[in-house]
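Participant: Pasting run-v6.cif below, which is mmCIF, C-alpha atoms.
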data_data
loop_
_atom_site.label_atom_id
_atom_site.label_comp_id
_atom_site.auth_asym_id
_atom_site.auth_seq_id
_atom_site.Cartn_x
_atom_site.Cartn_y
_atom_site.Cartn_z
CA MET A 247 -11.63 -5.93 8.39
CA LYS A 248 -13.04 -5.61 4.87
CA ASP A 249 -15.56 -3.03 6.07
CA PHE A 250 -13.11 -0.99 8.16
CA ASN A 251 -10.31 1.07 6.63
CA PRO A 252 -8.52 3.06 9.35
CA ALA A 253 -6.96 5.50 6.90
CA ASP A 254 -10.44 6.51 5.72
CA LYS A 255 -11.45 7.20 9.31
CA ILE A 256 -8.47 9.52 9.72
CA GLN A 257 -9.12 11.25 6.39
CA ASP A 258 -12.77 11.89 7.28
CA LEU A 259 -11.81 13.90 10.37
CA GLN A 260 -11.96 17.68 9.97
CA TYR A 261 -10.97 20.24 12.58
CA PHE A 262 -10.92 24.00 12.07
CA GLY A 263 -8.54 26.30 13.84
CA GLU A 264 -9.80 29.15 16.00
CA PHE A 265 -9.42 31.60 13.14
CA GLY A 266 -10.53 29.28 10.36
CA GLY A 267 -7.15 27.59 9.88
CA VAL A 268 -7.00 24.16 8.27
CA ASN A 269 -5.00 22.99 11.28
CA PRO A 270 -6.67 23.10 14.71
CA SER A 271 -5.34 25.85 16.94
CA ILE A 272 -2.73 24.72 19.47
CA SER A 273 -3.65 25.26 23.09
CA ASP A 274 -0.53 26.78 24.67
CA SER A 275 -1.91 27.10 28.18
CA SER A 276 -1.38 25.04 31.30
CA THR A 277 -4.54 26.33 32.99
CA TYR A 278 -7.94 27.64 31.88
CA THR A 279 -10.30 30.32 33.17
CA PHE A 280 -13.95 30.00 34.21
CA LEU A 281 -16.70 32.58 34.04
CA SER A 282 -18.18 31.32 37.29
CA ALA A 283 -16.99 29.48 40.40
CA LYS A 284 -19.85 27.01 40.04
CA THR A 285 -18.65 25.94 36.59
CA MET A 286 -15.19 25.33 38.03
CA PHE A 287 -16.71 23.23 40.81
CA ASP A 288 -18.84 21.23 38.37
CA THR A 289 -15.80 20.60 36.18
CA PHE A 290 -13.80 19.31 39.14
CA GLU A 291 -16.70 17.00 39.99
CA GLY A 292 -16.80 15.69 36.42
CA ASN A 293 -20.27 17.09 35.79
CA MET A 294 -19.37 19.61 33.09
CA GLU A 295 -18.64 18.69 29.48
CA GLY A 296 -16.68 20.89 27.10
CA CYS A 297 -14.79 22.83 29.78
CA TYR A 298 -11.05 22.70 30.34
CA LEU A 299 -9.54 23.00 33.78
CA TYR A 300 -5.84 22.18 33.80
CA SER A 301 -3.66 20.66 31.08
CA ARG A 302 -2.70 17.65 33.18
CA HIS A 303 -6.38 16.70 32.93
CA SER A 304 -6.86 17.47 29.26
CA SER A 305 -6.26 20.13 26.63
CA PRO A 306 -7.97 20.87 23.31
CA SER A 307 -4.86 19.77 21.39
CA ASN A 308 -4.70 16.44 23.19
CA LEU A 309 -8.40 15.81 22.68
CA TYR A 310 -8.09 16.39 18.93
CA LEU A 311 -5.39 13.70 18.80
CA ASP A 312 -7.43 11.44 21.12
CA GLN A 313 -10.33 11.57 18.69
CA ALA A 314 -8.16 10.93 15.64
CA LEU A 315 -6.45 7.89 17.15
CA ALA A 316 -9.72 6.46 18.44
CA ALA A 317 -11.11 6.77 14.92
CA MET A 318 -8.03 5.03 13.54
CA GLU A 319 -8.40 2.08 15.93
CA GLY A 320 -12.19 1.96 15.89
CA THR A 321 -12.63 2.53 19.63
CA GLU A 322 -14.99 4.89 21.40
CA THR A 323 -12.25 7.20 22.60
CA ALA A 324 -8.58 7.42 23.55
CA ASN A 325 -6.10 9.09 25.87
CA VAL A 326 -2.69 10.30 24.68
CA SER A 327 0.34 10.32 26.95
CA ALA A 328 3.90 11.60 27.05
CA SER A 329 5.44 8.25 26.00
CA GLY A 330 4.55 4.71 25.06
CA MET A 331 5.40 3.55 28.57
CA GLY A 332 3.25 6.44 29.81
CA ALA A 333 0.34 4.66 28.12
CA ILE A 334 1.24 1.07 29.05
CA THR A 335 1.98 1.49 32.76
CA PRO A 336 -1.14 3.45 33.82
CA THR A 337 -3.34 1.16 31.72
CA LEU A 338 -2.09 -1.96 33.50
CA LEU A 339 -2.16 -0.31 36.93
CA GLN A 340 -5.74 0.79 36.31
CA LEU A 341 -6.73 -2.79 35.53
CA CYS A 342 -4.78 -4.54 38.30
CA GLY A 343 -4.17 -4.18 42.00
CA ALA A 344 -2.60 -6.12 44.86
CA GLY A 345 -3.12 -9.87 44.47
CA ASP A 346 -3.96 -9.70 40.75
CA HIS A 347 -2.24 -11.61 37.96
CA ILE A 348 -1.35 -10.89 34.33
CA VAL A 349 -0.66 -13.36 31.54
CA SER A 350 1.75 -11.74 29.09
CA SER A 351 3.55 -12.68 25.93
CA ARG A 352 7.16 -13.61 26.66
CA THR A 353 8.41 -11.52 23.73
CA ILE A 354 7.50 -7.89 24.36
CA TYR A 355 9.25 -4.56 24.43
CA GLY A 356 12.03 -4.59 27.03
CA GLY A 357 10.58 -1.68 28.99
CA THR A 358 7.23 -3.43 29.31
CA TYR A 359 8.96 -6.65 30.34
CA ALA A 360 10.95 -4.81 33.03
CA PHE A 361 7.78 -3.13 34.33
CA LEU A 362 5.93 -6.43 34.65
CA LYS A 363 8.90 -8.47 35.87
CA ASN A 364 10.56 -6.04 38.28
CA PHE A 365 8.20 -3.19 39.14
CA THR A 366 4.62 -4.41 39.48
CA PRO A 367 5.55 -7.12 42.02
CA ARG A 368 6.15 -4.21 44.44
CA PHE A 369 2.39 -3.69 44.30
CA GLY A 370 1.53 -7.37 44.62
CA ILE A 371 0.86 -7.84 40.90
CA GLU A 372 2.40 -10.97 39.38
CA THR A 373 2.92 -11.86 35.72
CA SER A 374 3.29 -15.17 33.89
CA PHE A 375 5.23 -14.89 30.63
CA VAL A 376 4.13 -17.40 28.00
CA ASP A 377 4.43 -18.25 24.33
CA ILE A 378 1.53 -16.13 23.11
CA THR A 379 1.30 -18.08 19.84
CA LYS A 380 0.11 -21.21 21.68
CA LEU A 381 -3.44 -20.59 22.84
CA ASP A 382 -3.56 -23.72 24.97
CA ILE A 383 -0.52 -22.55 26.93
CA VAL A 384 -2.05 -19.10 27.34
CA GLU A 385 -5.28 -20.52 28.74
CA ALA A 386 -3.43 -22.93 31.04
CA ALA A 387 -1.58 -19.97 32.62
CA ILE A 388 -4.82 -18.24 33.68
CA THR A 389 -5.62 -18.39 37.39
CA SER A 390 -8.54 -17.21 39.50
CA ASN A 391 -6.58 -13.97 40.09
CA THR A 392 -5.86 -13.21 36.43
CA LYS A 393 -7.24 -9.90 35.22
CA VAL A 394 -5.37 -9.18 31.97
CA LEU A 395 -4.05 -10.87 28.85
CA TYR A 396 -1.26 -8.73 27.40
CA CYS A 397 0.46 -9.04 24.03
CA GLU A 398 1.86 -7.21 21.05
CA THR A 399 0.23 -7.74 17.66
CA VAL A 400 3.69 -8.40 16.21
CA SER A 401 6.16 -8.95 19.01
CA ASN A 402 9.32 -6.99 19.67
CA PRO A 403 11.84 -8.17 18.57
CA LEU A 404 11.08 -11.73 17.37
CA LEU A 405 8.10 -10.74 15.20
CA GLU A 406 5.83 -13.42 16.63
CA VAL A 407 2.19 -12.85 15.67
CA ALA A 408 -0.56 -12.95 18.28
CA ASP A 409 -3.87 -14.55 17.29
CA ILE A 410 -5.90 -11.61 18.58
CA ALA A 411 -9.29 -13.11 17.74
CA GLY A 412 -8.33 -16.35 19.48
CA LEU A 413 -6.99 -14.51 22.52
CA ALA A 414 -10.16 -12.39 22.65
CA LYS A 415 -12.28 -15.53 22.92
CA ILE A 416 -10.14 -16.77 25.80
CA ALA A 417 -10.33 -13.36 27.50
CA LYS A 418 -14.11 -13.27 27.19
CA ARG A 419 -14.44 -16.83 28.46
CA HIS A 420 -12.51 -15.96 31.62
CA ASN A 421 -13.82 -12.39 32.02
CA LEU A 422 -10.40 -10.84 31.36
CA LYS A 423 -9.31 -7.69 29.54
CA LEU A 424 -7.23 -8.22 26.39
CA VAL A 425 -4.66 -5.43 26.05
CA VAL A 426 -2.79 -5.27 22.73
CA ASP A 427 0.23 -3.13 21.90
CA ASN A 428 -0.20 -2.39 18.19
CA THR A 429 2.91 -0.23 17.75
CA PHE A 430 4.45 -2.42 15.04
CA SER A 431 1.32 -2.64 12.89
CA PRO A 432 -0.80 0.54 12.73
CA LEU A 433 -3.37 0.52 9.90
CA SER A 434 -2.31 -3.02 8.93
CA VAL A 435 -4.13 -4.53 11.92
CA SER A 436 -7.06 -3.14 13.93
CA PRO A 437 -7.04 -5.17 17.17
CA ALA A 438 -10.28 -3.71 18.53
CA LYS A 439 -12.08 -5.04 15.48
CA LEU A 440 -10.67 -8.48 16.27
CA GLY A 441 -11.90 -8.41 19.86
CA ALA A 442 -9.22 -6.58 21.87
CA ASP A 443 -10.54 -4.46 24.74
CA ILE A 444 -7.70 -1.95 24.82
CA VAL A 445 -5.19 -0.96 22.12
CA ILE A 446 -1.94 0.80 22.91
CA HIS A 447 0.62 2.54 20.70
CA SER A 448 3.95 4.15 21.16
CA LEU A 449 3.28 7.23 19.02
CA THR A 450 7.06 7.72 18.93
CA LYS A 451 7.33 5.10 16.20
CA TYR A 452 5.31 4.78 12.97
CA ILE A 453 2.44 7.08 13.85
CA ASN A 454 4.66 10.13 14.30
CA GLY A 455 7.27 8.77 11.92
CA SER A 456 9.98 11.42 12.17
CA SER A 457 11.90 10.38 15.30
CA ASP A 458 11.48 13.81 16.85
CA THR A 459 8.70 13.18 19.37
CA VAL A 460 7.99 10.75 22.19
CA GLY A 461 4.35 9.88 22.86
CA GLY A 462 1.83 7.14 23.56
CA VAL A 463 -1.89 6.44 23.45
CA THR A 464 -4.46 4.14 25.03
CA CYS A 465 -7.52 3.48 22.84
CA ALA A 466 -10.53 1.95 24.56
CA SER A 467 -14.14 2.39 25.63
CA LYS A 468 -15.37 5.66 27.13
CA GLU A 469 -15.92 3.83 30.41
CA PHE A 470 -12.30 2.73 30.67
CA ILE A 471 -10.76 6.01 29.48
CA ASN A 472 -12.95 7.96 31.90
CA ALA A 473 -11.76 5.68 34.70
CA LEU A 474 -8.15 6.17 33.58
CA LYS A 475 -8.62 9.96 33.73
CA ASN A 476 -10.69 10.09 36.92
CA VAL A 477 -9.46 12.92 39.15
CA ASN A 478 -9.63 10.81 42.30
CA SER A 479 -8.65 7.31 41.18
CA GLY A 480 -7.42 7.37 37.57
CA ALA A 481 -3.93 5.96 37.10
CA SER A 482 -3.18 8.18 34.11
CA MET A 483 -4.51 11.27 35.88
CA LEU A 484 -2.65 10.64 39.13
CA LEU A 485 0.64 9.42 37.69
CA GLY A 486 0.75 12.43 35.37
CA PRO A 487 2.15 11.17 32.03
CA THR A 488 0.64 14.18 30.25
CA MET A 489 1.44 14.87 26.61
CA ASP A 490 2.46 18.41 25.73
CA SER A 491 0.02 20.24 23.47
CA LEU A 492 2.72 21.23 20.98
CA ARG A 493 3.74 17.59 20.65
CA SER A 494 0.12 16.53 20.17
CA ALA A 495 -0.22 18.99 17.31
CA SER A 496 2.99 17.70 15.74
CA VAL A 497 1.86 14.06 15.90
CA MET A 498 -1.55 15.05 14.52
CA LYS A 499 0.06 16.52 11.41
CA ASN A 500 2.23 13.47 10.82
CA LEU A 501 -0.70 11.09 11.34
CA ARG A 502 -2.20 12.34 8.07
CA THR A 503 0.58 10.75 6.01
CA LEU A 504 0.69 7.47 7.95
CA HIS A 505 -1.13 5.48 5.25
CA ILE A 506 1.37 6.53 2.58
CA ARG A 507 4.35 5.78 4.80
CA ILE A 508 3.12 2.39 6.00
CA LYS A 509 2.59 1.22 2.41
CA GLN A 510 6.17 2.13 1.50
CA HIS A 511 7.67 0.71 4.70
CA SER A 512 5.85 -2.58 4.07
CA HIS A 513 6.75 -2.73 0.39
CA ASN A 514 10.43 -2.13 1.06
CA ALA A 515 10.61 -4.60 3.95
CA HIS A 516 8.90 -7.30 1.90
CA VAL A 517 11.32 -6.85 -1.01
CA LEU A 518 14.36 -7.05 1.27
CA ALA A 519 13.00 -10.02 3.23
CA ASP A 520 12.40 -11.97 0.01
CA LYS A 521 15.92 -11.25 -1.26
CA PHE A 522 17.65 -11.94 2.06
CA GLU A 523 15.88 -15.28 2.40
CA LYS A 524 16.83 -16.28 -1.15
CA ASP A 525 20.44 -15.41 -0.31
CA GLY A 526 20.28 -17.97 2.48
CA LEU A 527 20.10 -15.59 5.40
CA LYS A 528 17.93 -16.65 8.33
CA THR A 529 15.20 -14.06 7.84
CA VAL A 530 12.04 -13.48 9.85
CA TYR A 531 9.26 -11.39 8.33
CA PRO A 532 5.50 -12.03 8.64
CA GLY A 533 5.09 -11.60 4.88
CA LEU A 534 7.28 -14.60 4.12
CA LYS A 535 5.61 -17.98 3.69
CA SER A 536 8.32 -19.39 5.95
CA HIS A 537 7.03 -17.35 8.89
CA PRO A 538 5.13 -19.76 11.17
CA SER A 539 2.19 -17.35 11.47
CA HIS A 540 2.12 -16.14 7.88
CA GLU A 541 -1.28 -17.63 7.05
CA LEU A 542 -2.79 -16.38 10.32
CA TYR A 543 -1.43 -12.88 9.77
CA LYS A 544 -2.88 -12.80 6.25
CA THR A 545 -6.33 -13.17 7.79
CA MET A 546 -5.70 -10.34 10.28
CA ILE A 547 -4.27 -7.57 8.13
CA ASN A 548 -5.75 -5.00 5.85
CA PRO A 549 -3.78 -6.11 2.76
CA GLU A 550 -3.58 -2.56 1.43
CA TYR A 551 -0.99 -1.79 4.12
CA GLY A 552 1.03 -4.98 3.87
CA PHE A 553 2.93 -6.99 6.45
CA GLY A 554 4.78 -4.12 8.08
CA GLY A 555 8.21 -2.57 7.97
CA MET A 556 10.02 -4.73 10.54
CA LEU A 557 12.24 -7.71 9.79
CA THR A 558 15.12 -9.57 11.41
CA ILE A 559 18.13 -11.46 10.11
CA ASP A 560 20.55 -13.63 12.05
CA VAL A 561 24.23 -13.33 11.10
CA GLY A 562 25.48 -15.81 13.68
CA THR A 563 27.34 -13.78 16.29
CA LEU A 564 27.09 -10.44 18.05
CA GLU A 565 30.52 -9.52 16.69
CA LYS A 566 29.35 -10.02 13.09
CA ALA A 567 26.10 -8.18 13.81
CA ASN A 568 27.97 -5.18 15.19
CA GLU A 569 30.44 -5.16 12.28
CA LEU A 570 27.61 -5.25 9.75
CA MET A 571 25.59 -2.50 11.42
CA GLU A 572 28.64 -0.25 11.70
CA LEU A 573 29.53 -0.79 8.04
CA MET A 574 25.96 -0.17 6.85
CA GLN A 575 25.90 3.07 8.82
CA THR A 576 29.20 4.14 7.26
CA ARG A 577 27.72 3.46 3.81
CA ASN A 578 24.70 5.70 4.60
CA LEU A 579 22.28 2.77 4.52
CA GLY A 580 20.74 3.73 7.83
CA TYR A 581 21.48 4.36 11.47
CA LEU A 582 22.70 2.13 14.26
CA ALA A 583 19.86 3.18 16.51
CA VAL A 584 16.88 1.87 18.41
CA SER A 585 13.24 2.73 17.70
CA LEU A 586 11.40 2.38 14.39
CA GLY A 587 9.28 4.14 11.81
CA PHE A 588 11.91 6.67 10.66
CA TYR A 589 12.36 7.58 7.00
CA LYS A 590 15.84 6.03 7.11
CA THR A 591 16.39 2.40 8.01
CA LEU A 592 17.25 1.80 11.68
CA PHE A 593 19.04 -1.32 12.88
CA SER A 594 20.07 -2.68 16.25
CA ALA A 595 21.01 -5.91 18.00
CA PRO A 596 17.98 -6.20 20.31
CA GLY A 597 19.65 -8.54 22.80
CA THR A 598 21.97 -5.72 23.81
CA SER A 599 19.58 -2.83 23.24
CA THR A 600 15.77 -2.82 23.20
CA SER A 601 15.51 -6.21 24.93
CA SER A 602 18.52 -5.86 27.23
CA GLU A 603 16.20 -5.81 30.26
CA ILE A 604 15.44 -9.48 29.61
CA PRO A 605 18.03 -11.79 31.26
CA LEU A 606 20.33 -13.60 28.84
CA GLU A 607 19.06 -17.06 29.75
CA GLU A 608 15.49 -15.95 29.04
CA GLN A 609 16.57 -14.34 25.75
CA HIS A 610 18.08 -17.65 24.62
CA GLU A 611 15.05 -19.61 25.81
CA MET A 612 12.71 -17.51 23.68
CA GLY A 613 14.99 -17.67 20.63
CA LEU A 614 16.60 -14.23 20.85
CA THR A 615 20.07 -15.08 19.54
CA ASP A 616 23.27 -13.03 19.79
CA GLY A 617 23.53 -12.55 16.03
CA LEU A 618 20.00 -11.23 15.55
CA ILE A 619 19.65 -7.82 13.91
CA ARG A 620 16.31 -6.01 13.98
CA PHE A 621 15.62 -3.75 11.01
CA SER A 622 13.07 -0.98 10.78
CA ILE A 623 13.11 -0.54 7.01
CA GLY A 624 12.92 3.03 5.77
CA LEU A 625 11.18 4.82 2.93
CA ASP A 626 13.92 4.28 0.33
CA ASN A 627 12.75 5.11 -3.18
CA ASP A 628 14.94 2.48 -4.88
CA ILE A 629 14.87 -0.54 -2.60
CA ASP A 630 16.75 -2.70 -5.11
CA ARG A 631 19.68 -0.28 -4.87
CA THR A 632 19.48 -0.53 -1.07
CA TYR A 633 19.54 -4.32 -1.26
CA GLU A 634 22.62 -4.39 -3.48
CA MET A 635 24.46 -2.05 -1.12
CA MET A 636 23.48 -4.10 1.94
CA LYS A 637 24.50 -7.32 0.22
CA GLN A 638 27.88 -5.82 -0.65
CA CYS A 639 28.42 -5.04 3.04
CA MET A 640 27.62 -8.66 3.91
CA VAL A 641 29.97 -9.98 1.24
CA GLU A 642 32.81 -7.79 2.49
CA LEU A 643 32.35 -9.11 6.02
CA GLY A 644 32.12 -12.75 4.94
CA ILE A 645 28.48 -13.10 5.97
CA LEU A 646 27.54 -13.90 2.37
CA GLU A 647 29.56 -15.20 -0.53
CA LEU A 648 29.33 -13.15 -3.70
CA SER A 649 28.34 -16.02 -5.97
CA SER A 650 26.60 -18.44 -3.63
CA PRO A 651 23.15 -17.94 -2.07
CA ARG A 652 24.09 -19.32 1.31
CA VAL A 653 25.32 -18.03 4.64
CA LEU A 654 28.93 -18.63 5.56
CA GLN A 655 29.62 -20.24 8.92
CA VAL A 656 30.32 -17.43 11.37
#
For the file at hand, write its structure as structure tokens.

Facilitator:
Amino acid sequence: MKDFNPADKIQDLQYFGEFGGVNPSISDSSTYTFLSAKTMFDTFEGNMEGCYLYSRHSSPSNLYLDQALAAMEGTETANVSASGMGAITPTLLQLCGAGDHIVSSRTIYGGTYAFLKNFTPRFGIETSFVDITKLDIVEAAITSNTKVLYCETVSNPLLEVADIAGLAKIAKRHNLKLVVDNTFSPLSVSPAKLGADIVIHSLTKYINGSSDTVGGVTCASKEFINALKNVNSGASMLLGPTMDSLRSASVMKNLRTLHIRIKQHSHNAHVLADKFEKDGLKTVYPGLKSHPSHELYKTMINPEYGFGGMLTIDVGTLEKANELMELMQTRNLGYLAVSLGFYKTLFSAPGTSTSSEIPLEEQHEMGLTDGLIRFSIGLDNDIDRTYEMMKQCMVELGILELSSPRVLQV
């Protein structure tokens, strides 16, 4: 990681617009003309480079963003899609078919969990959900039919850290593909450099950063991306999760400020996590020494970008969590909303929102408690002011005592 700085790779990219603009021209066409019928035929057959056929296949705007995100992750190429799930689902369906098996982290985004638990069994694809932090358990779950190891770098919502290098060794030993969702940790961690075969992002979150666009990307080898986009057998091509060119251009512009934003998100989250923990709140943040994977994560990250902008606290009950979130929203401290990466802080109770697809008994088994609040910390200029305002909300609700650094029984 010392020799790879993803922000530098993004900065080094230069694209000129059609008329010399500093932004690449946006392709606002659904279909493209050919000067000869033979060129059209060759393009359909995949024998013609540099020609565009139909925007479900590719567009100049999407390919610009593909190249930028591949550079960021250090992969050969990439394929953008209309949503994060539009990247995850075709990727897994391209890798697996009837009779195949996936070993997945038990703590993943609720939509991914629902896809693997409820949808892929229709196609004869089964999934074992395991504690991804225990490599021996991961390896024990592998069968002769396993094709994929799937995890998130930092899991949603419990912030468990996957040992990507360790998982990559297991994947290679068993001839599996390691697929890593890196949505929570762009720039901070580069999974492909740690041995991951495929890296996925929901562009909706940090990479776009303005909560106005939904998008996704799969970053991988040329061989895999070409297979994904194959006209006759590519899951992404045939399922049609195509990203709109205008949205691609919008994400491309926001990508340029990602390094600045990630540094501030991480700084603010670290400050709040330190203070919350000292107040006696049960706080989970990879940058805290109390996090069980803190030392591991230190070896994985590019320290310039910190430990990320996500943290959780546990206030005991869902009732208290809801009261606190509603009060913080009233005080303009952020929004009671799902997603992450916005300039304002976003907070939600994941058990009843982003992880609601996971049955309650499984939530409790994995440690997802009713009183857990997930924070996506914003870009606040004065984070100490934010802390004092948040603490005042907790004092008013009896979650904290004003003069005692401990949590009240709730």

Participant: Please, which residues are within 10 Å of (2.3, 19.9, 20.9) by the file's coordinates, counting only C-alpha atoms, and could they come as a PyMOL selection string?

Facilitator: chain A and resi 272-274+307-308+459+489-498

Participant: Restrict the selected residues to C-alpha atoms and save them as an mmCIF file, keeping the file's coordinate frame.

Facilitator:
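Everything below was put into again-v1.cif:
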data_model
loop_
_atom_site.group_PDB
_atom_site.id
_atom_site.type_symbol
_atom_site.label_atom_id
_atom_site.label_comp_id
_atom_site.auth_asym_id
_atom_site.auth_seq_id
_atom_site.Cartn_x
_atom_site.Cartn_y
_atom_site.Cartn_z
ATOM 1 C CA ILE A 272 -2.730 24.720 19.470
ATOM 2 C CA SER A 273 -3.650 25.260 23.090
ATOM 3 C CA ASP A 274 -0.530 26.780 24.670
ATOM 4 C CA SER A 307 -4.860 19.770 21.390
ATOM 5 C CA ASN A 308 -4.700 16.440 23.190
ATOM 6 C CA THR A 459 8.700 13.180 19.370
ATOM 7 C CA MET A 489 1.440 14.870 26.610
ATOM 8 C CA ASP A 490 2.460 18.410 25.730
ATOM 9 C CA SER A 491 0.020 20.240 23.470
ATOM 10 C CA LEU A 492 2.720 21.230 20.980
ATOM 11 C CA ARG A 493 3.740 17.590 20.650
ATOM 12 C CA SER A 494 0.120 16.530 20.170
ATOM 13 C CA ALA A 495 -0.220 18.990 17.310
ATOM 14 C CA SER A 496 2.990 17.700 15.740
ATOM 15 C CA VAL A 497 1.860 14.060 15.900
ATOM 16 C CA MET A 498 -1.550 15.050 14.520
#

Participant: Using all atoms listed in the file, which of the listed residues (A:Arg502, A:His540, A:Arg419, A:Thr366) sits closest to Leu259 (chain A)?

Facilitator: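 Between A:Arg502, A:His540, A:Arg419, A:Thr366, the residue approaching Leu259 (chain A) most closely is A:Arg502.
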
Participant: Return as CSV the residues of region 440-488 of chain A lying at most 12 Å from region 619-624 of chain A, together with the closest atom-to-atom pair for each and the distance in Å to one decimal, counting only C-alpha atoms, with rows in chain order and ascending residue number.

Facilitator:
residue,atom,partner,partner_atom,distance
A:Lys451,CA,A:Ser622,CA,10.0
A:Tyr452,CA,A:Ser622,CA,9.9
A:Gly455,CA,A:Gly624,CA,10.1
A:Ser456,CA,A:Gly624,CA,11.0

Participant: Evaluate the PyMOL selection byres ((chain A and resi 409) around 12) against this structure - the residues, as a VMD selection string, please.

Facilitator: chain A and resid 351 377 to 382 384 396 to 401 406 to 408 410 to 416 424 426 435 437 440 to 442 539 to 547

Participant: By how many Å are CA of Ala387 (chain A) and CA of Val349 (chain A) apart?

Facilitator: 6.8 Å

Participant: Closest to Thr289 (chain A) among A:Thr632, A:Gln260, A:Asn500, A:Ser304, using only C-alpha atoms?

Facilitator: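 Nearest candidate to Thr289 (chain A) out of A:Thr632, A:Gln260, A:Asn500, A:Ser304: A:Ser304.
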